[in-house]
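K.L.:
Here you go, input-v3.txt (compact mmCIF, C-alpha atoms and all ligand atoms):
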# COMPACT_ATOMS: atom_id res chain seq x y z
CA MET W 1 -55.44 32.84 -4.83
CA ARG W 2 -58.46 32.96 -2.58
CA LYS W 3 -61.91 33.01 -4.14
CA LYS W 4 -64.36 35.89 -4.28
CA ILE W 5 -67.75 34.55 -3.22
CA VAL W 6 -71.29 35.87 -2.97
CA ALA W 7 -73.69 33.46 -1.28
CA GLY W 8 -77.42 34.09 -0.87
CA ASN W 9 -78.94 32.69 2.31
CA TRP W 10 -82.68 32.48 1.69
CA LYS W 11 -83.48 31.38 5.25
CA MET W 12 -87.14 30.22 5.53
CA ASN W 13 -88.28 32.08 2.41
CA ASN W 14 -89.42 31.08 -1.10
CA ASP W 15 -91.77 28.14 -1.67
CA LEU W 16 -91.74 25.90 -4.77
CA ALA W 17 -93.33 28.45 -7.13
CA GLU W 18 -91.27 31.36 -5.83
CA THR W 19 -88.08 29.32 -6.13
CA GLU W 20 -89.01 28.42 -9.71
CA MET W 21 -89.56 32.08 -10.60
CA PHE W 22 -86.22 33.04 -9.05
CA LEU W 23 -84.39 30.27 -10.92
CA VAL W 24 -85.92 31.16 -14.29
CA ASP W 25 -84.79 34.75 -13.84
CA LEU W 26 -81.37 33.80 -12.42
CA LYS W 27 -80.60 31.63 -15.43
CA LYS W 28 -81.01 34.63 -17.74
CA GLN W 29 -78.21 36.50 -15.96
CA VAL W 30 -74.60 36.86 -17.03
CA PHE W 31 -72.22 35.89 -14.22
CA PRO W 32 -68.80 37.46 -13.72
CA GLU W 33 -66.06 34.88 -14.18
CA ASN W 34 -64.10 35.91 -11.09
CA VAL W 35 -66.93 35.43 -8.59
CA VAL W 36 -68.28 32.16 -7.18
CA VAL W 37 -72.04 32.61 -6.84
CA MET W 38 -74.02 30.48 -4.39
CA ILE W 39 -77.65 30.26 -3.32
CA ALA W 40 -78.97 28.46 -0.24
CA PRO W 41 -82.68 27.63 -0.63
CA SER W 42 -84.65 25.71 1.99
CA PHE W 43 -84.24 21.92 2.15
CA THR W 44 -87.48 21.32 0.22
CA ASN W 45 -86.19 23.29 -2.78
CA LEU W 46 -82.57 22.15 -2.90
CA ASN W 47 -83.16 19.36 -5.39
CA GLN W 48 -85.21 21.62 -7.65
CA ALA W 49 -82.52 24.31 -7.52
CA PHE W 50 -79.67 21.87 -8.14
CA GLU W 51 -81.39 20.27 -11.15
CA SER W 52 -82.39 23.62 -12.59
CA LEU W 53 -78.86 25.04 -12.27
CA ARG W 54 -76.95 21.98 -13.53
CA GLU W 55 -75.60 23.85 -16.56
CA HIS W 56 -75.13 27.16 -14.74
CA PRO W 57 -72.20 28.50 -12.77
CA VAL W 58 -74.16 28.79 -9.51
CA THR W 59 -73.48 26.54 -6.53
CA VAL W 60 -76.48 25.27 -4.57
CA VAL W 61 -75.84 25.25 -0.84
CA ALA W 62 -77.71 23.87 2.19
CA GLN W 63 -78.47 26.14 5.15
CA ASN W 64 -77.77 23.49 7.77
CA MET W 65 -77.38 19.75 8.34
CA ASN W 66 -77.25 17.33 11.24
CA GLN W 67 -73.93 16.27 12.75
CA ASN W 68 -74.88 12.57 12.67
CA ASN W 69 -74.52 10.52 9.54
CA GLU W 70 -77.86 8.71 9.98
CA GLY W 71 -80.28 7.42 12.57
CA ALA W 72 -83.24 8.32 14.75
CA PHE W 73 -83.16 12.11 14.43
CA THR W 74 -86.68 13.01 13.34
CA GLY W 75 -86.86 16.06 11.12
CA GLU W 76 -83.14 16.22 10.43
CA ILE W 77 -81.12 16.08 7.20
CA SER W 78 -77.76 14.31 6.81
CA ALA W 79 -74.66 15.06 4.78
CA LYS W 80 -75.31 11.89 2.76
CA MET W 81 -78.80 13.11 1.84
CA LEU W 82 -77.43 16.44 0.69
CA LYS W 83 -74.66 14.80 -1.31
CA SER W 84 -77.11 12.39 -2.92
CA ILE W 85 -78.86 15.35 -4.60
CA GLY W 86 -75.58 17.02 -5.59
CA VAL W 87 -75.25 19.51 -2.72
CA ASN W 88 -71.64 19.66 -1.51
CA THR W 89 -71.60 22.90 0.47
CA VAL W 90 -73.36 23.71 3.73
CA ILE W 91 -73.74 26.80 5.93
CA LEU W 92 -72.96 25.94 9.56
CA GLY W 93 -73.27 27.98 12.73
CA HIS W 94 -75.46 30.78 11.41
CA SER W 95 -76.33 33.04 14.34
CA GLU W 96 -80.02 32.13 13.97
CA ARG W 97 -79.10 28.44 14.42
CA ARG W 98 -76.97 29.33 17.43
CA ALA W 99 -79.65 31.54 19.00
CA TYR W 100 -82.95 29.76 18.21
CA PHE W 101 -81.88 26.14 17.90
CA MET W 102 -79.31 26.00 20.70
CA GLU W 103 -76.42 25.05 18.43
CA ASP W 104 -73.38 25.54 20.61
CA SER W 105 -69.71 25.31 19.71
CA ALA W 106 -69.48 21.60 20.57
CA ILE W 107 -72.34 20.73 18.20
CA LEU W 108 -70.93 23.03 15.53
CA ALA W 109 -67.46 21.50 15.74
CA GLU W 110 -69.12 18.09 15.22
CA LYS W 111 -71.06 19.43 12.25
CA VAL W 112 -67.87 20.79 10.70
CA ASN W 113 -66.21 17.39 11.17
CA THR W 114 -69.16 15.60 9.60
CA ALA W 115 -69.16 17.97 6.62
CA LEU W 116 -65.43 17.45 6.04
CA GLU W 117 -65.60 13.67 6.51
CA ASN W 118 -68.24 13.71 3.79
CA GLU W 119 -66.01 15.79 1.52
CA MET W 120 -68.22 18.84 1.75
CA THR W 121 -67.28 22.51 2.04
CA ALA W 122 -68.48 24.32 5.15
CA ILE W 123 -69.36 28.00 5.28
CA PHE W 124 -68.75 28.54 8.98
CA CYS W 125 -70.46 31.59 10.50
CA ILE W 126 -69.09 33.55 13.42
CA GLY W 127 -70.13 36.89 14.87
CA GLU W 128 -70.54 38.88 18.03
CA GLU W 129 -73.68 40.27 19.67
CA LEU W 130 -74.05 44.04 20.10
CA GLU W 131 -73.36 43.70 23.83
CA ASP W 132 -70.00 42.05 23.13
CA ARG W 133 -69.01 44.91 20.84
CA LYS W 134 -70.19 47.59 23.26
CA LYS W 135 -68.09 46.03 26.00
CA GLY W 136 -65.10 45.73 23.68
CA ASN W 137 -65.23 41.92 23.85
CA HIS W 138 -65.75 41.33 20.14
CA PHE W 139 -62.22 40.21 19.25
CA LYS W 140 -62.08 37.85 22.23
CA LEU W 141 -65.45 36.37 21.32
CA ILE W 142 -64.54 35.84 17.66
CA LYS W 143 -61.27 34.18 18.68
CA LYS W 144 -63.22 31.87 20.99
CA GLN W 145 -65.66 30.93 18.20
CA LEU W 146 -62.72 30.19 15.88
CA PHE W 147 -60.97 28.06 18.49
CA GLU W 148 -64.05 26.10 19.48
CA GLY W 149 -65.48 25.59 16.00
CA LEU W 150 -62.48 25.25 13.71
CA PHE W 151 -59.09 25.17 15.38
CA HIS W 152 -59.13 21.42 15.96
CA LEU W 153 -58.91 20.94 12.18
CA SER W 154 -55.86 19.68 10.32
CA ASN W 155 -53.99 21.99 7.94
CA GLU W 156 -55.36 19.99 5.04
CA SER W 157 -59.00 20.57 6.08
CA TRP W 158 -58.80 24.32 5.62
CA LYS W 159 -59.16 24.09 1.87
CA ASN W 160 -62.80 23.16 2.48
CA ILE W 161 -63.56 25.97 4.92
CA ILE W 162 -65.09 29.34 4.11
CA ILE W 163 -65.62 31.76 7.00
CA ALA W 164 -68.55 34.17 7.19
CA TYR W 165 -68.10 36.98 9.69
CA GLU W 166 -71.60 38.14 10.54
CA PRO W 167 -71.95 40.58 13.44
CA VAL W 168 -75.28 39.54 14.94
CA TRP W 169 -76.33 43.17 15.43
CA ALA W 170 -76.14 43.71 11.66
CA ILE W 171 -78.15 40.68 10.51
CA GLY W 172 -81.56 41.61 9.14
CA THR W 173 -81.46 44.91 11.03
CA GLY W 174 -80.54 47.29 8.23
CA GLU W 175 -77.50 48.17 10.31
CA THR W 176 -74.15 47.34 8.66
CA ALA W 177 -70.67 47.19 10.05
CA SER W 178 -68.74 50.04 8.48
CA PRO W 179 -66.25 48.94 5.82
CA GLU W 180 -63.49 49.78 8.35
CA GLN W 181 -65.10 47.64 11.07
CA ALA W 182 -65.48 44.77 8.61
CA GLN W 183 -61.86 45.06 7.46
CA GLU W 184 -60.58 45.29 11.05
CA MET W 185 -62.35 42.07 12.04
CA HIS W 186 -61.55 40.19 8.82
CA ASN W 187 -57.91 41.10 9.25
CA PHE W 188 -58.04 39.91 12.86
CA ILE W 189 -59.58 36.58 11.77
CA ARG W 190 -56.91 36.09 9.11
CA LYS W 191 -54.11 36.95 11.54
CA THR W 192 -55.54 34.56 14.13
CA ILE W 193 -55.55 31.75 11.55
CA ALA W 194 -51.97 32.64 10.54
CA GLU W 195 -50.81 32.53 14.16
CA ASN W 196 -52.41 29.17 14.83
CA TYR W 197 -51.79 27.53 11.45
CA SER W 198 -49.72 29.39 8.86
CA LYS W 199 -49.74 32.52 6.75
CA ALA W 200 -50.16 30.35 3.66
CA ILE W 201 -53.38 28.83 5.03
CA ALA W 202 -54.69 32.19 6.26
CA ASP W 203 -54.05 33.79 2.89
CA GLU W 204 -56.08 31.10 1.10
CA VAL W 205 -59.23 31.19 3.26
CA SER W 206 -62.13 33.19 1.87
CA ILE W 207 -63.70 35.35 4.58
CA LEU W 208 -67.16 36.67 3.72
CA TYR W 209 -68.93 39.53 5.42
CA GLY W 210 -72.63 39.20 6.29
CA GLY W 211 -75.05 41.67 7.81
CA SER W 212 -77.42 43.88 5.82
CA VAL W 213 -75.30 43.89 2.67
CA LYS W 214 -77.28 45.68 -0.04
CA PRO W 215 -76.56 46.82 -3.62
CA ASP W 216 -75.66 50.30 -2.36
CA ASN W 217 -73.09 49.25 0.26
CA ALA W 218 -71.65 46.04 -1.23
CA SER W 219 -68.82 47.52 -3.29
CA GLU W 220 -67.37 49.52 -0.42
CA ILE W 221 -67.43 46.47 1.86
CA PHE W 222 -66.09 44.11 -0.83
CA GLY W 223 -63.36 46.65 -1.60
CA GLN W 224 -61.65 45.99 1.74
CA ASP W 225 -58.42 43.97 1.54
CA ASP W 226 -59.52 41.07 3.73
CA VAL W 227 -63.16 40.91 2.64
CA ASP W 228 -63.60 38.23 -0.01
CA GLY W 229 -67.33 38.63 -0.58
CA GLY W 230 -70.56 38.32 1.29
CA LEU W 231 -73.20 36.08 2.80
CA ILE W 232 -76.41 37.85 1.88
CA GLY W 233 -79.81 37.39 3.52
CA GLY W 234 -82.66 39.76 2.63
CA ALA W 235 -81.08 41.20 -0.50
CA SER W 236 -80.53 37.73 -1.99
CA LEU W 237 -84.27 37.07 -2.33
CA LYS W 238 -84.68 39.15 -5.47
CA VAL W 239 -82.55 38.37 -8.53
CA ASP W 240 -82.10 42.05 -9.31
CA SER W 241 -80.59 43.06 -5.95
CA PHE W 242 -78.67 39.78 -5.66
CA MET W 243 -77.03 40.27 -9.06
CA LYS W 244 -76.14 43.88 -8.25
CA ILE W 245 -74.27 42.56 -5.22
CA VAL W 246 -72.65 39.77 -7.27
CA ASN W 247 -71.38 42.51 -9.62
CA SER W 248 -70.04 44.71 -6.82
CA PHE W 249 -66.36 43.66 -6.87
C1 LIG O 301 -77.69 36.35 6.88
O1 LIG O 301 -78.75 35.82 7.09
O2 LIG O 301 -76.68 35.66 6.86
C2 LIG O 301 -77.66 37.80 6.65
C3 LIG O 301 -76.50 38.38 6.56
O3 LIG O 301 -78.87 38.46 6.53
P1 LIG O 301 -79.11 39.98 6.04
O4 LIG O 301 -78.29 40.17 4.80
O5 LIG O 301 -80.58 40.06 5.77
O6 LIG O 301 -78.67 40.86 7.15
Write the structure described by the file as structure tokens, please.

P.N.:
Amino acid sequence: MRKKIVAGNWKMNNDLAETEMFLVDLKKQVFPENVVVMIAPSFTNLNQAFESLREHPVTVVAQNMNQNNEGAFTGEISAKMLKSIGVNTVILGHSERRAYFMEDSAILAEKVNTALENEMTAIFCIGEELEDRKKGNHFKLIKKQLFEGLFHLSNESWKNIIIAYEPVWAIGTGETASPEQAQEMHNFIRKTIAENYSKAIADEVSILYGGSVKPDNASEIFGQDDVDGGLIGGASLKVDSFMKIVNSF
């Protein structure tokens, strides 16, 4: 059975002291047994978060990593470095990485390969711009992102893939896809995986929705058949709103 997941993407927020405050509060919470809870702090706070949450059912995730295993790549972080501090899951292809750091499909496919070769799980983000949706190109675009980023993988690799569908027009904008729009696209993604791999693989992949998920809209979105949880930006920065979302299934 596929997993229900709520992952908090902190982006470039929370310094050492703020992370500590969040962790102290997070550790006082009671977590539902049927939900995998993840947080993705910045690189500088990953070790702190991992050590602090050792005895807690929260997975610490990186927001990015380099596609190379080592070498002269000033400022970059490798899979080996993440694994050496206990981090085994990484977000790849977030729309902010694609837009501001020129991460194209070729680079992202390499990053996925590197993550899998290092026995990591990848949360692979896909999503259309508003223009694509207005022109009715959103399904075509999502299919292209799936093909270019993931469809070179072996059947076996899919057990370490989580997909996050994040319409770019809904990220950090306060605008959310309607539950029906989310379901329609999640169902399309699952069908596309079934057509190119198998129904069994498609039925096992967790597909998260991301884009202005808040405590007051989470349960309706998570209630859709093909929505297995969420990748949460702004609302993951406060324990209170994050936990309300975690408890929205
Ligand atoms: C995100 O950064 O992945 C995201 C979905 O952000 P927000 O929830 O703030 O829209």

K.L.:
Any residue with an atom at most 7 Å from ligand LIG 301 (chain O) counts, using only C-alpha atoms and all ligand atoms. Which are they? Put them as a compact mmCIF listing (two decimals) with C-alpha atoms, in the coordinates of the input.

P.N.:
# COMPACT_ATOMS: atom_id res chain seq x y z
CA ASN W 9 -78.94 32.69 2.31
CA LYS W 11 -83.48 31.38 5.25
CA HIS W 94 -75.46 30.78 11.41
CA GLU W 166 -71.60 38.14 10.54
CA ALA W 170 -76.14 43.71 11.66
CA ILE W 171 -78.15 40.68 10.51
CA GLY W 172 -81.56 41.61 9.14
CA THR W 173 -81.46 44.91 11.03
CA GLY W 174 -80.54 47.29 8.23
CA GLY W 210 -72.63 39.20 6.29
CA GLY W 211 -75.05 41.67 7.81
CA SER W 212 -77.42 43.88 5.82
CA VAL W 213 -75.30 43.89 2.67
CA LEU W 231 -73.20 36.08 2.80
CA ILE W 232 -76.41 37.85 1.88
CA GLY W 233 -79.81 37.39 3.52
CA GLY W 234 -82.66 39.76 2.63
CA ALA W 235 -81.08 41.20 -0.50

K.L.:
Could you check how far atom CA of W:Ser78 sits from atom CA of W:Phe43, in Å to one decimal?

P.N.:
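Calculated distance between atom CA of W:Ser78 and atom CA of W:Phe43 is 11.0 Å.
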
K.L.:
Need the shell around W:Asn88: protein/DNA/RNA residues with any atom at most 9 Å away, counting only C-alpha atoms. Skip same-chain ones fewer than 5 positions apart. Format as JSON, numbers by chain?

P.N.:
{"W": [59, 60, 61, 62, 79, 82, 83, 115, 118, 119, 120, 121, 122]}

K.L.:
For W:Ser248, find every residue with an atom within 12 Å (counting all atoms listed in the file), except residues of its own chain fewer than 4 positions away, and show them as a ChimeraX atom specification.

P.N.:
/W:4-6,31-32,34-35,213-223,228-230,241-244

K.L.:
Just write the chosen residues, C-alpha atoms, as a tab-separated table (two decimals), in the frame of the given file.

P.N.:
chain	number	residue	atom	x	y	z
W	4	LYS	CA	-64.36	35.89	-4.28
W	5	ILE	CA	-67.75	34.55	-3.22
W	6	VAL	CA	-71.29	35.87	-2.97
W	31	PHE	CA	-72.22	35.89	-14.22
W	32	PRO	CA	-68.80	37.46	-13.72
W	34	ASN	CA	-64.10	35.91	-11.09
W	35	VAL	CA	-66.93	35.43	-8.59
W	213	VAL	CA	-75.30	43.89	2.67
W	214	LYS	CA	-77.28	45.68	-0.04
W	215	PRO	CA	-76.56	46.82	-3.62
W	216	ASP	CA	-75.66	50.30	-2.36
W	217	ASN	CA	-73.09	49.25	0.26
W	218	ALA	CA	-71.65	46.04	-1.23
W	219	SER	CA	-68.82	47.52	-3.29
W	220	GLU	CA	-67.37	49.52	-0.42
W	221	ILE	CA	-67.43	46.47	1.86
W	222	PHE	CA	-66.09	44.11	-0.83
W	223	GLY	CA	-63.36	46.65	-1.60
W	228	ASP	CA	-63.60	38.23	-0.01
W	229	GLY	CA	-67.33	38.63	-0.58
W	230	GLY	CA	-70.56	38.32	1.29
W	241	SER	CA	-80.59	43.06	-5.95
W	242	PHE	CA	-78.67	39.78	-5.66
W	243	MET	CA	-77.03	40.27	-9.06
W	244	LYS	CA	-76.14	43.88	-8.25

K.L.:
Quick one: residues within 9 Å of W:Val112, only C-alpha atoms counted, chain neighbours fewer than 3 positions away excluded, as a list in words?

P.N.:
Gln67, Leu92, Ile107, Leu108, Ala109, Ala115, Leu116, Glu117, Thr121, Ala122, Phe124, Gly149, Leu150 and Ile161 of chain W

K.L.:
Quick one, how far is atom CA of W:Leu53 from atom CA of W:Asn247?

P.N.:
19.2 Å

K.L.:
Which residues are close to stretch 191-207 of chain W, i.e. within 9 Å by all atoms listed in the file, leaving aside same-chain residues fewer than 2 positions away? Reply as number ranges by chain.

P.N.:
W: 1-5, 143, 146, 151, 154-155, 158-165, 186-189, 209, 226-230

K.L.:
As an exercise, work out the distance from atom CA of W:Ala72 to atom CA of W:Asp104 in Å and give it to one decimal place.

P.N.:
20.7 Å

K.L.:
What box, with edges along x, y and z, holds each listed atom of stretch 59-78 of chain W when 5 Å is added on every side, and can you state its centre and edge lengths in Å to one decimal, as JSON?

P.N.:
{"center_x": -80.2, "center_y": 17.0, "center_z": 4.1, "size_x": 23.4, "size_y": 29.1, "size_z": 31.3}

K.L.:
Missing atoms in stretch 169-180 of chain W: fill them in up to all heavy atoms and send the result as a PDB file, keeping the file's coordinate frame.

P.N.:
ATOM      1  N   TRP W 169     -75.592  41.911  15.389  1.00  0.00           N
ATOM      2  CA  TRP W 169     -76.330  43.170  15.430  1.00  0.00           C
ATOM      3  C   TRP W 169     -76.592  43.748  14.033  1.00  0.00           C
ATOM      4  O   TRP W 169     -77.350  44.702  13.881  1.00  0.00           O
ATOM      5  CB  TRP W 169     -75.597  44.206  16.298  1.00  0.00           C
ATOM      6  CG  TRP W 169     -74.119  44.312  16.023  1.00  0.00           C
ATOM      7  CD1 TRP W 169     -73.133  43.559  16.598  1.00  0.00           C
ATOM      8  CD2 TRP W 169     -73.466  45.190  15.113  1.00  0.00           C
ATOM      9  NE1 TRP W 169     -71.902  43.924  16.105  1.00  0.00           N
ATOM     10  CE2 TRP W 169     -72.082  44.928  15.202  1.00  0.00           C
ATOM     11  CE3 TRP W 169     -73.902  46.194  14.235  1.00  0.00           C
ATOM     12  CZ2 TRP W 169     -71.137  45.614  14.435  1.00  0.00           C
ATOM     13  CZ3 TRP W 169     -72.959  46.875  13.476  1.00  0.00           C
ATOM     14  CH2 TRP W 169     -71.593  46.582  13.585  1.00  0.00           C
ATOM     15  N   ALA W 170     -75.953  43.179  13.012  1.00  0.00           N
ATOM     16  CA  ALA W 170     -76.140  43.710  11.660  1.00  0.00           C
ATOM     17  C   ALA W 170     -77.003  42.785  10.797  1.00  0.00           C
ATOM     18  O   ALA W 170     -77.317  43.120   9.658  1.00  0.00           O
ATOM     19  CB  ALA W 170     -74.776  43.901  10.996  1.00  0.00           C
ATOM     20  N   ILE W 171     -77.415  41.632  11.341  1.00  0.00           N
ATOM     21  CA  ILE W 171     -78.150  40.680  10.510  1.00  0.00           C
ATOM     22  C   ILE W 171     -79.639  41.020  10.504  1.00  0.00           C
ATOM     23  O   ILE W 171     -80.293  41.025  11.544  1.00  0.00           O
ATOM     24  CB  ILE W 171     -77.937  39.233  10.998  1.00  0.00           C
ATOM     25  CG1 ILE W 171     -76.466  38.871  10.854  1.00  0.00           C
ATOM     26  CG2 ILE W 171     -78.815  38.263  10.219  1.00  0.00           C
ATOM     27  CD1 ILE W 171     -76.145  37.467  11.275  1.00  0.00           C
ATOM     28  N   GLY W 172     -80.134  41.335   9.317  1.00  0.00           N
ATOM     29  CA  GLY W 172     -81.560  41.610   9.140  1.00  0.00           C
ATOM     30  C   GLY W 172     -82.013  42.897   9.823  1.00  0.00           C
ATOM     31  O   GLY W 172     -83.216  43.153   9.946  1.00  0.00           O
ATOM     32  N   THR W 173     -81.093  43.715  10.268  1.00  0.00           N
ATOM     33  CA  THR W 173     -81.460  44.910  11.030  1.00  0.00           C
ATOM     34  C   THR W 173     -81.368  46.184  10.198  1.00  0.00           C
ATOM     35  O   THR W 173     -81.829  47.239  10.624  1.00  0.00           O
ATOM     36  CB  THR W 173     -80.503  45.098  12.232  1.00  0.00           C
ATOM     37  OG1 THR W 173     -79.162  45.210  11.718  1.00  0.00           O
ATOM     38  CG2 THR W 173     -80.591  43.937  13.196  1.00  0.00           C
ATOM     39  N   GLY W 174     -80.762  46.090   9.031  1.00  0.00           N
ATOM     40  CA  GLY W 174     -80.540  47.290   8.230  1.00  0.00           C
ATOM     41  C   GLY W 174     -79.276  48.014   8.673  1.00  0.00           C
ATOM     42  O   GLY W 174     -78.813  48.953   8.037  1.00  0.00           O
ATOM     43  N   GLU W 175     -78.731  47.565   9.785  1.00  0.00           N
ATOM     44  CA  GLU W 175     -77.500  48.170  10.310  1.00  0.00           C
ATOM     45  C   GLU W 175     -76.303  47.372   9.762  1.00  0.00           C
ATOM     46  O   GLU W 175     -76.307  46.147   9.829  1.00  0.00           O
ATOM     47  CB  GLU W 175     -77.539  48.050  11.822  1.00  0.00           C
ATOM     48  CG  GLU W 175     -76.452  48.767  12.461  1.00  0.00           C
ATOM     49  CD  GLU W 175     -76.904  49.656  13.616  1.00  0.00           C
ATOM     50  OE1 GLU W 175     -78.113  49.765  13.848  1.00  0.00           O
ATOM     51  OE2 GLU W 175     -76.014  50.182  14.233  1.00  0.00           O
ATOM     52  N   THR W 176     -75.321  48.054   9.201  1.00  0.00           N
ATOM     53  CA  THR W 176     -74.150  47.340   8.660  1.00  0.00           C
ATOM     54  C   THR W 176     -72.906  47.726   9.439  1.00  0.00           C
ATOM     55  O   THR W 176     -72.802  48.868   9.882  1.00  0.00           O
ATOM     56  CB  THR W 176     -73.840  47.782   7.206  1.00  0.00           C
ATOM     57  OG1 THR W 176     -75.017  48.277   6.626  1.00  0.00           O
ATOM     58  CG2 THR W 176     -73.282  46.654   6.399  1.00  0.00           C
ATOM     59  N   ALA W 177     -71.992  46.801   9.552  1.00  0.00           N
ATOM     60  CA  ALA W 177     -70.670  47.190  10.050  1.00  0.00           C
ATOM     61  C   ALA W 177     -70.097  48.163   9.013  1.00  0.00           C
ATOM     62  O   ALA W 177     -70.345  48.007   7.818  1.00  0.00           O
ATOM     63  CB  ALA W 177     -69.785  45.963  10.174  1.00  0.00           C
ATOM     64  N   SER W 178     -69.357  49.149   9.461  1.00  0.00           N
ATOM     65  CA  SER W 178     -68.740  50.040   8.480  1.00  0.00           C
ATOM     66  C   SER W 178     -67.674  49.237   7.732  1.00  0.00           C
ATOM     67  O   SER W 178     -67.183  48.222   8.250  1.00  0.00           O
ATOM     68  CB  SER W 178     -68.089  51.236   9.192  1.00  0.00           C
ATOM     69  OG  SER W 178     -66.990  50.775   9.954  1.00  0.00           O
ATOM     70  N   PRO W 179     -67.305  49.662   6.541  1.00  0.00           N
ATOM     71  CA  PRO W 179     -66.250  48.940   5.820  1.00  0.00           C
ATOM     72  C   PRO W 179     -64.991  48.802   6.683  1.00  0.00           C
ATOM     73  O   PRO W 179     -64.330  47.764   6.659  1.00  0.00           O
ATOM     74  CB  PRO W 179     -65.996  49.828   4.596  1.00  0.00           C
ATOM     75  CG  PRO W 179     -67.279  50.560   4.387  1.00  0.00           C
ATOM     76  CD  PRO W 179     -67.876  50.775   5.744  1.00  0.00           C
ATOM     77  N   GLU W 180     -64.692  49.821   7.486  1.00  0.00           N
ATOM     78  CA  GLU W 180     -63.490  49.780   8.350  1.00  0.00           C
ATOM     79  C   GLU W 180     -63.657  48.726   9.444  1.00  0.00           C
ATOM     80  O   GLU W 180     -62.723  47.989   9.759  1.00  0.00           O
ATOM     81  CB  GLU W 180     -63.234  51.147   8.994  1.00  0.00           C
ATOM     82  CG  GLU W 180     -62.863  52.254   8.026  1.00  0.00           C
ATOM     83  CD  GLU W 180     -64.053  52.768   7.194  1.00  0.00           C
ATOM     84  OE1 GLU W 180     -65.216  52.667   7.666  1.00  0.00           O
ATOM     85  OE2 GLU W 180     -63.818  53.257   6.075  1.00  0.00           O
TER      86      GLU W 180
END
